[in-house]
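Q: This is model09.pdb (PDB, C-alpha atoms and all ligand atoms).
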```pdb
ATOM      1  CA  MET F  13      -6.664  19.000 -28.352  1.00  0.00           C
ATOM      2  CA  ILE F  14      -4.218  19.036 -25.438  1.00  0.00           C
ATOM      3  CA  ASN F  15      -5.130  16.874 -22.468  1.00  0.00           C
ATOM      4  CA  GLU F  16      -5.401  19.333 -19.558  1.00  0.00           C
ATOM      5  CA  LEU F  17      -4.703  16.648 -16.958  1.00  0.00           C
ATOM      6  CA  GLU F  18      -1.521  15.088 -18.334  1.00  0.00           C
ATOM      7  CA  LYS F  19       0.833  17.922 -17.454  1.00  0.00           C
ATOM      8  CA  ASP F  20       0.501  16.910 -13.792  1.00  0.00           C
ATOM      9  CA  ILE F  21       1.171  13.207 -14.401  1.00  0.00           C
ATOM     10  CA  ASP F  22       4.692  11.913 -13.892  1.00  0.00           C
ATOM     11  CA  ARG F  23       4.207   8.440 -15.348  1.00  0.00           C
ATOM     12  CA  VAL F  24       1.584   5.884 -16.301  1.00  0.00           C
ATOM     13  CA  LEU F  25       1.313   3.016 -13.852  1.00  0.00           C
ATOM     14  CA  PHE F  26      -1.572   1.119 -15.465  1.00  0.00           C
ATOM     15  CA  SER F  27      -2.539   1.776 -19.081  1.00  0.00           C
ATOM     16  CA  GLU F  28      -6.095   1.414 -20.353  1.00  0.00           C
ATOM     17  CA  ASP F  29      -5.188  -2.089 -21.558  1.00  0.00           C
ATOM     18  CA  ASP F  30      -3.691  -2.981 -18.168  1.00  0.00           C
ATOM     19  CA  ILE F  31      -6.913  -1.849 -16.474  1.00  0.00           C
ATOM     20  CA  LYS F  32      -9.055  -3.855 -18.920  1.00  0.00           C
ATOM     21  CA  ALA F  33      -7.047  -6.962 -18.055  1.00  0.00           C
ATOM     22  CA  MET F  34      -7.463  -6.343 -14.305  1.00  0.00           C
ATOM     23  CA  VAL F  35     -11.231  -5.857 -14.669  1.00  0.00           C
ATOM     24  CA  ARG F  36     -11.417  -9.023 -16.802  1.00  0.00           C
ATOM     25  CA  LYS F  37      -9.528 -11.000 -14.158  1.00  0.00           C
ATOM     26  CA  VAL F  38     -11.821 -10.102 -11.240  1.00  0.00           C
ATOM     27  CA  ALA F  39     -14.944 -10.372 -13.417  1.00  0.00           C
ATOM     28  CA  ASP F  40     -13.965 -13.918 -14.432  1.00  0.00           C
ATOM     29  CA  GLU F  41     -13.558 -14.885 -10.776  1.00  0.00           C
ATOM     30  CA  ILE F  42     -16.887 -13.321  -9.773  1.00  0.00           C
ATOM     31  CA  ASN F  43     -18.706 -14.857 -12.748  1.00  0.00           C
ATOM     32  CA  GLU F  44     -17.505 -18.254 -11.632  1.00  0.00           C
ATOM     33  CA  ASP F  45     -18.093 -17.854  -7.883  1.00  0.00           C
ATOM     34  CA  TYR F  46     -21.541 -16.256  -8.122  1.00  0.00           C
ATOM     35  CA  ALA F  47     -23.202 -18.175 -10.952  1.00  0.00           C
ATOM     36  CA  GLY F  48     -26.907 -18.497 -10.092  1.00  0.00           C
ATOM     37  CA  LYS F  49     -26.569 -16.321  -6.950  1.00  0.00           C
ATOM     38  CA  LYS F  50     -27.616 -12.816  -8.109  1.00  0.00           C
ATOM     39  CA  PRO F  51     -25.103 -10.812  -6.023  1.00  0.00           C
ATOM     40  CA  LEU F  52     -25.570  -7.171  -5.039  1.00  0.00           C
ATOM     41  CA  LEU F  53     -22.578  -4.969  -5.852  1.00  0.00           C
ATOM     42  CA  VAL F  54     -22.192  -2.183  -3.290  1.00  0.00           C
ATOM     43  CA  ALA F  55     -20.011   0.430  -4.982  1.00  0.00           C
ATOM     44  CA  LEU F  56     -18.321   2.958  -2.707  1.00  0.00           C
ATOM     45  CA  LEU F  57     -18.621   6.548  -3.922  1.00  0.00           C
ATOM     46  CA  LYS F  58     -16.968   8.273  -5.494  1.00  0.00           C
ATOM     47  CA  GLY F  59     -13.729   6.482  -6.339  1.00  0.00           C
ATOM     48  CA  SER F  60     -15.122   3.138  -7.427  1.00  0.00           C
ATOM     49  CA  VAL F  61     -17.793   4.308  -9.879  1.00  0.00           C
ATOM     50  CA  ILE F  62     -15.758   3.829 -13.043  1.00  0.00           C
ATOM     51  CA  PHE F  63     -14.404   0.466 -11.940  1.00  0.00           C
ATOM     52  CA  ALA F  64     -17.867  -0.661 -10.775  1.00  0.00           C
ATOM     53  CA  SER F  65     -19.397   0.290 -14.137  1.00  0.00           C
ATOM     54  CA  ASP F  66     -16.765  -1.588 -16.125  1.00  0.00           C
ATOM     55  CA  LEU F  67     -16.897  -4.540 -13.740  1.00  0.00           C
ATOM     56  CA  MET F  68     -20.676  -4.789 -13.988  1.00  0.00           C
ATOM     57  CA  ARG F  69     -20.501  -4.702 -17.788  1.00  0.00           C
ATOM     58  CA  SER F  70     -18.075  -7.626 -17.668  1.00  0.00           C
ATOM     59  CA  LEU F  71     -20.337  -9.782 -15.520  1.00  0.00           C
ATOM     60  CA  ILE F  72     -22.454 -12.335 -17.338  1.00  0.00           C
ATOM     61  CA  ILE F  73     -24.413 -13.340 -14.235  1.00  0.00           C
ATOM     62  CA  ASP F  74     -27.617 -11.806 -12.930  1.00  0.00           C
ATOM     63  CA  CYS F  75     -26.581  -9.033 -10.502  1.00  0.00           C
ATOM     64  CA  GLU F  76     -27.682  -5.692  -9.051  1.00  0.00           C
ATOM     65  CA  ILE F  77     -25.835  -2.558  -7.989  1.00  0.00           C
ATOM     66  CA  ASP F  78     -26.316   0.006  -5.239  1.00  0.00           C
ATOM     67  CA  PHE F  79     -24.116   2.851  -3.993  1.00  0.00           C
ATOM     68  CA  MET F  80     -22.818   3.957  -0.650  1.00  0.00           C
ATOM     69  CA  LYS F  81     -20.810   6.957   0.491  1.00  0.00           C
ATOM     70  CA  VAL F  82     -18.900   6.786   3.746  1.00  0.00           C
ATOM     71  CA  SER F  83     -16.779   9.414   5.410  1.00  0.00           C
ATOM     72  CA  SER F  84     -13.048   9.057   5.598  1.00  0.00           C
ATOM     73  CA  TYR F  85     -11.813   7.278   8.664  1.00  0.00           C
ATOM     74  CA  SER F  86      -9.856  10.289   9.981  1.00  0.00           C
ATOM     75  CA  GLY F  87     -10.965  11.223  13.442  1.00  0.00           C
ATOM     76  CA  THR F  88     -12.985   8.055  13.916  1.00  0.00           C
ATOM     77  CA  GLN F  89     -10.199   5.520  14.227  1.00  0.00           C
ATOM     78  CA  SER F  90     -10.590   5.127  17.948  1.00  0.00           C
ATOM     79  CA  THR F  91     -14.383   4.963  17.946  1.00  0.00           C
ATOM     80  CA  GLY F  92     -14.625   2.031  15.548  1.00  0.00           C
ATOM     81  CA  VAL F  93     -17.492   3.643  13.655  1.00  0.00           C
ATOM     82  CA  ILE F  94     -17.648   5.155  10.213  1.00  0.00           C
ATOM     83  CA  ASN F  95     -20.004   7.872   9.167  1.00  0.00           C
ATOM     84  CA  ILE F  96     -22.403   6.682   6.489  1.00  0.00           C
ATOM     85  CA  ILE F  97     -23.139   9.780   4.414  1.00  0.00           C
ATOM     86  CA  SER F  98     -25.355   7.964   1.947  1.00  0.00           C
ATOM     87  CA  ASP F  99     -26.582   4.439   2.570  1.00  0.00           C
ATOM     88  CA  ILE F 100     -27.729   1.766   0.148  1.00  0.00           C
ATOM     89  CA  ARG F 101     -31.488   1.499  -0.286  1.00  0.00           C
ATOM     90  CA  THR F 102     -31.364  -2.223  -0.875  1.00  0.00           C
ATOM     91  CA  GLU F 103     -32.239  -4.632   1.929  1.00  0.00           C
ATOM     92  CA  ILE F 104     -29.267  -7.002   2.158  1.00  0.00           C
ATOM     93  CA  ALA F 105     -30.486  -9.653   4.600  1.00  0.00           C
ATOM     94  CA  ASP F 106     -29.926 -13.055   2.946  1.00  0.00           C
ATOM     95  CA  ARG F 107     -28.329 -11.417  -0.107  1.00  0.00           C
ATOM     96  CA  HIS F 108     -24.872 -12.141  -1.487  1.00  0.00           C
ATOM     97  CA  VAL F 109     -23.077  -8.792  -1.191  1.00  0.00           C
ATOM     98  CA  ILE F 110     -19.834  -7.697  -2.852  1.00  0.00           C
ATOM     99  CA  ILE F 111     -18.364  -4.371  -1.726  1.00  0.00           C
ATOM    100  CA  VAL F 112     -16.654  -2.708  -4.702  1.00  0.00           C
ATOM    101  CA  GLU F 113     -13.744  -0.416  -3.819  1.00  0.00           C
ATOM    102  CA  ASP F 114     -11.148   1.469  -5.876  1.00  0.00           C
ATOM    103  CA  ILE F 115      -8.124   0.895  -3.653  1.00  0.00           C
ATOM    104  CA  VAL F 116      -7.515  -0.599  -0.212  1.00  0.00           C
ATOM    105  CA  ASP F 117      -4.813   1.315   1.626  1.00  0.00           C
ATOM    106  CA  THR F 118      -4.932   1.272   5.442  1.00  0.00           C
ATOM    107  CA  GLY F 119      -8.035  -0.934   5.262  1.00  0.00           C
ATOM    108  CA  LEU F 120      -9.624   1.014   8.139  1.00  0.00           C
ATOM    109  CA  THR F 121     -12.649   2.175   6.146  1.00  0.00           C
ATOM    110  CA  LEU F 122     -13.386  -1.279   4.796  1.00  0.00           C
ATOM    111  CA  SER F 123     -12.879  -3.147   8.034  1.00  0.00           C
ATOM    112  CA  LYS F 124     -15.420  -0.930   9.753  1.00  0.00           C
ATOM    113  CA  LEU F 125     -17.841  -0.919   6.823  1.00  0.00           C
ATOM    114  CA  LYS F 126     -17.641  -4.689   6.550  1.00  0.00           C
ATOM    115  CA  HIS F 127     -18.483  -4.988  10.223  1.00  0.00           C
ATOM    116  CA  GLN F 128     -21.498  -2.692   9.851  1.00  0.00           C
ATOM    117  CA  LEU F 129     -22.851  -4.440   6.757  1.00  0.00           C
ATOM    118  CA  ALA F 130     -22.324  -7.848   8.364  1.00  0.00           C
ATOM    119  CA  SER F 131     -24.712  -6.805  11.152  1.00  0.00           C
ATOM    120  CA  ARG F 132     -27.485  -6.634   8.499  1.00  0.00           C
ATOM    121  CA  ASN F 133     -27.145 -10.406   8.033  1.00  0.00           C
ATOM    122  CA  PRO F 134     -26.255 -10.820   4.368  1.00  0.00           C
ATOM    123  CA  ALA F 135     -25.960 -14.403   3.071  1.00  0.00           C
ATOM    124  CA  SER F 136     -22.318 -13.599   2.265  1.00  0.00           C
ATOM    125  CA  LEU F 137     -20.116 -10.514   2.233  1.00  0.00           C
ATOM    126  CA  LYS F 138     -16.970 -10.142   0.127  1.00  0.00           C
ATOM    127  CA  ILE F 139     -14.713  -7.316  -0.982  1.00  0.00           C
ATOM    128  CA  CYS F 140     -13.616  -6.616  -4.532  1.00  0.00           C
ATOM    129  CA  THR F 141     -10.989  -3.937  -5.118  1.00  0.00           C
ATOM    130  CA  LEU F 142      -9.355  -2.786  -8.313  1.00  0.00           C
ATOM    131  CA  LEU F 143      -6.097  -2.126  -6.492  1.00  0.00           C
ATOM    132  CA  ASP F 144      -4.452  -3.151  -3.269  1.00  0.00           C
ATOM    133  CA  LYS F 145      -1.757  -1.146  -1.467  1.00  0.00           C
ATOM    134  CA  PRO F 146      -0.591  -3.687   1.137  1.00  0.00           C
ATOM    135  CA  SER F 147       2.254  -1.492   2.424  1.00  0.00           C
ATOM    136  CA  GLY F 148      -0.320   0.953   3.845  1.00  0.00           C
ATOM    137  CA  ARG F 149      -2.295  -1.603   5.828  1.00  0.00           C
ATOM    138  CA  LYS F 150      -3.265  -0.778   9.427  1.00  0.00           C
ATOM    139  CA  ALA F 151      -6.339  -2.996   9.803  1.00  0.00           C
ATOM    140  CA  ALA F 152      -6.324  -6.767   9.454  1.00  0.00           C
ATOM    141  CA  ILE F 153      -8.430  -6.975   6.322  1.00  0.00           C
ATOM    142  CA  GLU F 154      -7.847  -8.397   2.865  1.00  0.00           C
ATOM    143  CA  ALA F 155      -9.966  -8.078  -0.242  1.00  0.00           C
ATOM    144  CA  ASP F 156     -11.332 -11.290  -1.762  1.00  0.00           C
ATOM    145  CA  TYR F 157     -10.976 -10.104  -5.358  1.00  0.00           C
ATOM    146  CA  ILE F 158      -7.983  -7.936  -6.289  1.00  0.00           C
ATOM    147  CA  GLY F 159      -7.215  -6.545  -9.744  1.00  0.00           C
ATOM    148  CA  GLY F 160      -3.632  -5.479  -9.074  1.00  0.00           C
ATOM    149  CA  THR F 161      -1.142  -4.320  -6.468  1.00  0.00           C
ATOM    150  CA  VAL F 162       0.575  -0.950  -6.058  1.00  0.00           C
ATOM    151  CA  GLY F 163       3.467   0.232  -3.937  1.00  0.00           C
ATOM    152  CA  ASN F 164       3.516   3.118  -1.537  1.00  0.00           C
ATOM    153  CA  GLU F 165       2.783   5.896  -4.022  1.00  0.00           C
ATOM    154  CA  PHE F 166      -0.170   8.211  -4.567  1.00  0.00           C
ATOM    155  CA  ILE F 167      -1.993   7.375  -7.766  1.00  0.00           C
ATOM    156  CA  VAL F 168      -4.780   9.073  -9.702  1.00  0.00           C
ATOM    157  CA  GLY F 169      -7.077   8.353 -12.631  1.00  0.00           C
ATOM    158  CA  TYR F 170      -9.846   5.878 -13.508  1.00  0.00           C
ATOM    159  CA  GLY F 171     -12.003   7.173 -10.644  1.00  0.00           C
ATOM    160  CA  LEU F 172      -9.168   7.943  -8.232  1.00  0.00           C
ATOM    161  CA  ASP F 173      -8.828  11.643  -7.486  1.00  0.00           C
ATOM    162  CA  TYR F 174      -6.573  14.244  -6.024  1.00  0.00           C
ATOM    163  CA  ASP F 175      -8.813  16.953  -4.593  1.00  0.00           C
ATOM    164  CA  GLU F 176     -11.633  15.798  -6.953  1.00  0.00           C
ATOM    165  CA  LYS F 177      -9.360  16.118 -10.006  1.00  0.00           C
ATOM    166  CA  PHE F 178      -8.149  13.338 -12.369  1.00  0.00           C
ATOM    167  CA  ARG F 179     -11.111  10.972 -11.905  1.00  0.00           C
ATOM    168  CA  ASN F 180     -11.754  11.170 -15.661  1.00  0.00           C
ATOM    169  CA  LEU F 181      -8.221  10.186 -16.655  1.00  0.00           C
ATOM    170  CA  PRO F 182      -8.681   6.888 -18.566  1.00  0.00           C
ATOM    171  CA  TYR F 183      -5.492   5.355 -17.148  1.00  0.00           C
ATOM    172  CA  ILE F 184      -3.886   5.259 -13.698  1.00  0.00           C
ATOM    173  CA  GLY F 185      -0.804   7.376 -13.150  1.00  0.00           C
ATOM    174  CA  VAL F 186       1.500   8.780 -10.532  1.00  0.00           C
ATOM    175  CA  MET F 187       1.245  12.511  -9.954  1.00  0.00           C
ATOM    176  CA  LYS F 188       4.250  14.764 -10.320  1.00  0.00           C
ATOM    177  CA  ASN F 189       5.780  15.719  -6.940  1.00  0.00           C
ATOM    178  CA  SER F 190       3.812  13.012  -5.136  1.00  0.00           C
TER     179      SER F 190
HETATM  180  P1  LIG F 201      -8.318   3.140   3.573  1.00  0.00           P
HETATM  181  O1  LIG F 201      -8.054   1.753   3.033  1.00  0.00           O
HETATM  182  O2  LIG F 201      -7.031   3.839   3.920  1.00  0.00           O
HETATM  183  O3  LIG F 201      -9.301   3.154   4.695  1.00  0.00           O
HETATM  184  O4  LIG F 201      -9.023   4.035   2.478  1.00  0.00           O
HETATM  185  C1  LIG F 201      -8.900   3.774   1.111  1.00  0.00           C
HETATM  186  C2  LIG F 201      -9.337   5.012   0.401  1.00  0.00           C
HETATM  187  O5  LIG F 201      -8.273   5.969   0.451  1.00  0.00           O
HETATM  188  C3  LIG F 201      -9.589   4.732  -1.070  1.00  0.00           C
HETATM  189  O6  LIG F 201     -10.928   4.405  -1.300  1.00  0.00           O
HETATM  190  C4  LIG F 201      -9.184   6.042  -1.706  1.00  0.00           C
HETATM  191  O7  LIG F 201     -10.282   6.918  -1.698  1.00  0.00           O
HETATM  192  C5  LIG F 201      -8.118   6.592  -0.793  1.00  0.00           C
HETATM  193  N1  LIG F 201      -6.760   6.263  -1.316  1.00  0.00           N
HETATM  194  C6  LIG F 201      -5.856   5.417  -0.804  1.00  0.00           C
HETATM  195  N2  LIG F 201      -4.740   5.384  -1.538  1.00  0.00           N
HETATM  196  C7  LIG F 201      -4.938   6.251  -2.581  1.00  0.00           C
HETATM  197  C8  LIG F 201      -4.149   6.657  -3.707  1.00  0.00           C
HETATM  198  O8  LIG F 201      -3.003   6.246  -3.947  1.00  0.00           O
HETATM  199  N3  LIG F 201      -4.725   7.571  -4.547  1.00  0.00           N
HETATM  200  C9  LIG F 201      -5.979   8.071  -4.346  1.00  0.00           C
HETATM  201  N4  LIG F 201      -6.434   8.941  -5.250  1.00  0.00           N
HETATM  202  N5  LIG F 201      -6.753   7.709  -3.295  1.00  0.00           N
HETATM  203  C10 LIG F 201      -6.240   6.796  -2.418  1.00  0.00           C
END
```
As structure tokens, please, write out the structure in this file.

A:
Amino acid sequence: MINELEKDIDRVLFSEDDIKAMVRKVADEINEDYAGKKPLLVALLKGSVIFASDLMRSLIIDCEIDFMKVSSYSGTQSTGVINIISDIRTEIADRHVIIVEDIVDTGLTLSKLKHQLASRNPASLKICTLLDKPSGRKAAIEADYIGGTVGNEFIVGYGLDYDEKFRNLPYIGVMKNS
């Protein structure tokens, strides 16, 4: 069968094997840092679901997962608040929390989310992202666990969408005309 999505992809940036290696790398770091600590992964919907699933499967420590959906930062930059569309149900006071994100671009969403979650008094709060786009940064925030780095291009696949499309692409690619 013909892959309906590939006609819109210009080139592959990270193959399935590349992605496996990136997941392995961050999972190894988390396995080591959180041994015996039972961290809570807070996966940000929708983009991080595929990464979060693969990451969790690669962890050999006791851990839990919960999900959160926040609105895009547009329009709220000056207010310093983000709109939580769907919150986690898990109480995070005294828990070790790892926010799981697909890609950090401006960093505005994460810097505000981190601030909000920190006010719930977790034992620790870290950020794990599959990809980092440092050229887009507007907020002073860095992820603690980073799978790989990308330049200033719009990428899709492996959870990352364009208008809800391409999330199911098993690799990460650059769209045509992007
Ligand atoms: P920011 O760091 O700008 O606050 O927000 C990051 C979010 O922007 C990511 O979670 C993702 O949803 C979206 N984003 C940033 N760069 C890209 C990209 O290259 N491709 C896609 N599909 N989404 C992106």

Q: Which one of F:Met13, F:Ala130, F:Ile31, F:Gly59 sits closest to Asp175 of chain F if you count all atoms listed in the file?

A: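 Between F:Met13, F:Ala130, F:Ile31, F:Gly59, the residue approaching Asp175 of chain F most closely is F:Gly59.
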
Q: All residues within 6 Å of ligand LIG 201 (chain F) are required, counting all atoms listed in the file; please report them as an MDAnalysis selection string.

A: chainID F and resid 59 114:121 165:168 172:174

Q: Taking all atoms listed in the file into account, which of F:Val54, F:Leu71, F:Met34, F:Leu125 comes nearest Arg101 of chain F?

A: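 The closest residue to Arg101 of chain F is F:Val54.
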
Q: I'd like the neighbourhood of Arg36 of chain F as an NGL selection string, where a residue qualifies if any of its atoms comes within 10 Å (using all atoms listed in the file), though same-chain residues fewer than 3 positions away should be ignored.

A: :F and (30-33 or 39-42 or 66-67 or 70-71 or 159)

Q: Output the selection as a compact mmCIF listing (two decimals), in the frame of the given file - C-alpha atoms for each residue.

A:
```txt
# COMPACT_ATOMS: atom_id res chain seq x y z
CA ASP F 30 -3.69 -2.98 -18.17
CA ILE F 31 -6.91 -1.85 -16.47
CA LYS F 32 -9.06 -3.86 -18.92
CA ALA F 33 -7.05 -6.96 -18.06
CA ALA F 39 -14.94 -10.37 -13.42
CA ASP F 40 -13.96 -13.92 -14.43
CA GLU F 41 -13.56 -14.88 -10.78
CA ILE F 42 -16.89 -13.32 -9.77
CA ASP F 66 -16.76 -1.59 -16.12
CA LEU F 67 -16.90 -4.54 -13.74
CA SER F 70 -18.08 -7.63 -17.67
CA LEU F 71 -20.34 -9.78 -15.52
CA GLY F 159 -7.22 -6.54 -9.74
```

Q: Pick out the closest residue to Ser131 of chain F from this set: F:Val61, F:Ile21, F:Ala151, F:Ile104. Count all atoms listed in the file.

A: F:Ile104

Q: Would you compute the distance between atom CA of Tyr170 of chain F and atom CA of Lys124 of chain F? Give it in Å to one decimal.

A: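 Between atom CA of Tyr170 of chain F and atom CA of Lys124 of chain F the gap works out to 24.9 Å.
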
Q: One decimal, Å: what's the distance from atom CA of Asp106 of chain F over to atom CA of Leu52 of chain F, could you say?

A: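 Taking atom CA of Asp106 of chain F and atom CA of Leu52 of chain F, their separation equals 10.8 Å.
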
Q: With only C-alpha atoms as the atoms that count, which of F:Leu122, F:Ile14, F:Val186, F:Leu142 lies nearest to Gly169 of chain F?

A: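 Closest to Gly169 of chain F, using only C-alpha atoms: F:Val186.
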
Q: Please write the residues picked by the PyMOL selection byres (((chain F and resi 129) around 12) and not hetatm) on this file as number ranges by chain.

A: F: 54, 80, 93-94, 96, 99-100, 102-111, 122-128, 130-139

Q: Please identify all polymer residues lying at most 10 Å from the point (-7.2, 9.2, -18.5) (file coordinates), using only C-alpha atoms, and present the result as a list in words.

A: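 Final list of nearby residues, as requested, is Asn15, Leu17, Glu18, Val24, Ser27, Glu28, Val168, Gly169, Tyr170, Gly171, Phe178, Arg179, Asn180, Leu181, Pro182, Tyr183, Ile184 and Gly185 of chain F.
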
Q: Between atom CA of Leu143 of chain F and atom CA of Ile158 of chain F, what is the distance in Å, rounded to a tenth?

A: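 Result for atom CA of Leu143 of chain F versus atom CA of Ile158 of chain F: 6.1 Å, one decimal.
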
Q: Could you give me, as a ChimeraX atom specification, the residues within 9 Å of Gly163 of chain F, counting all atoms listed in the file and dropping anything in the same chain fewer than 2 positions from it?

A: /F:144-148,161,165-166

Q: Using only C-alpha atoms, find the one residue out of F:Met68, F:Cys140, F:Val35, F:Ile73 that sits nearest to Leu56 of chain F.

A: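 For Leu56 of chain F, the nearest of the given residues is F:Cys140.
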
Q: Selection in question (the file shown): the PyMOL selection byres (((chain F and resi 49) around 9) and not hetatm). Which residues does it include, as a ChimeraX atom specification?

A: /F:45-48,50-51,73-75,107-108

Q: Would you give the centre and edge lengths, in Å to one decimal, of a box along x, y and z around the listed atoms of segment 120-138 of chain F, with 4 Å added to each side, as lines of an AutoDock Vina configuration file?

A:
```
center_x = -18.6
center_y = -6.1
center_z = 5.6
size_x = 25.9
size_y = 24.6
size_z = 19.0
```

Q: Looking at F:Lys188, F:Arg23, F:Lys58, F:Lys37, which one is nearest to Ser83 of chain F, with distances taken over all atoms listed in the file?

A: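 With all atoms listed in the file as the atom set, the closest residue is F:Lys58.
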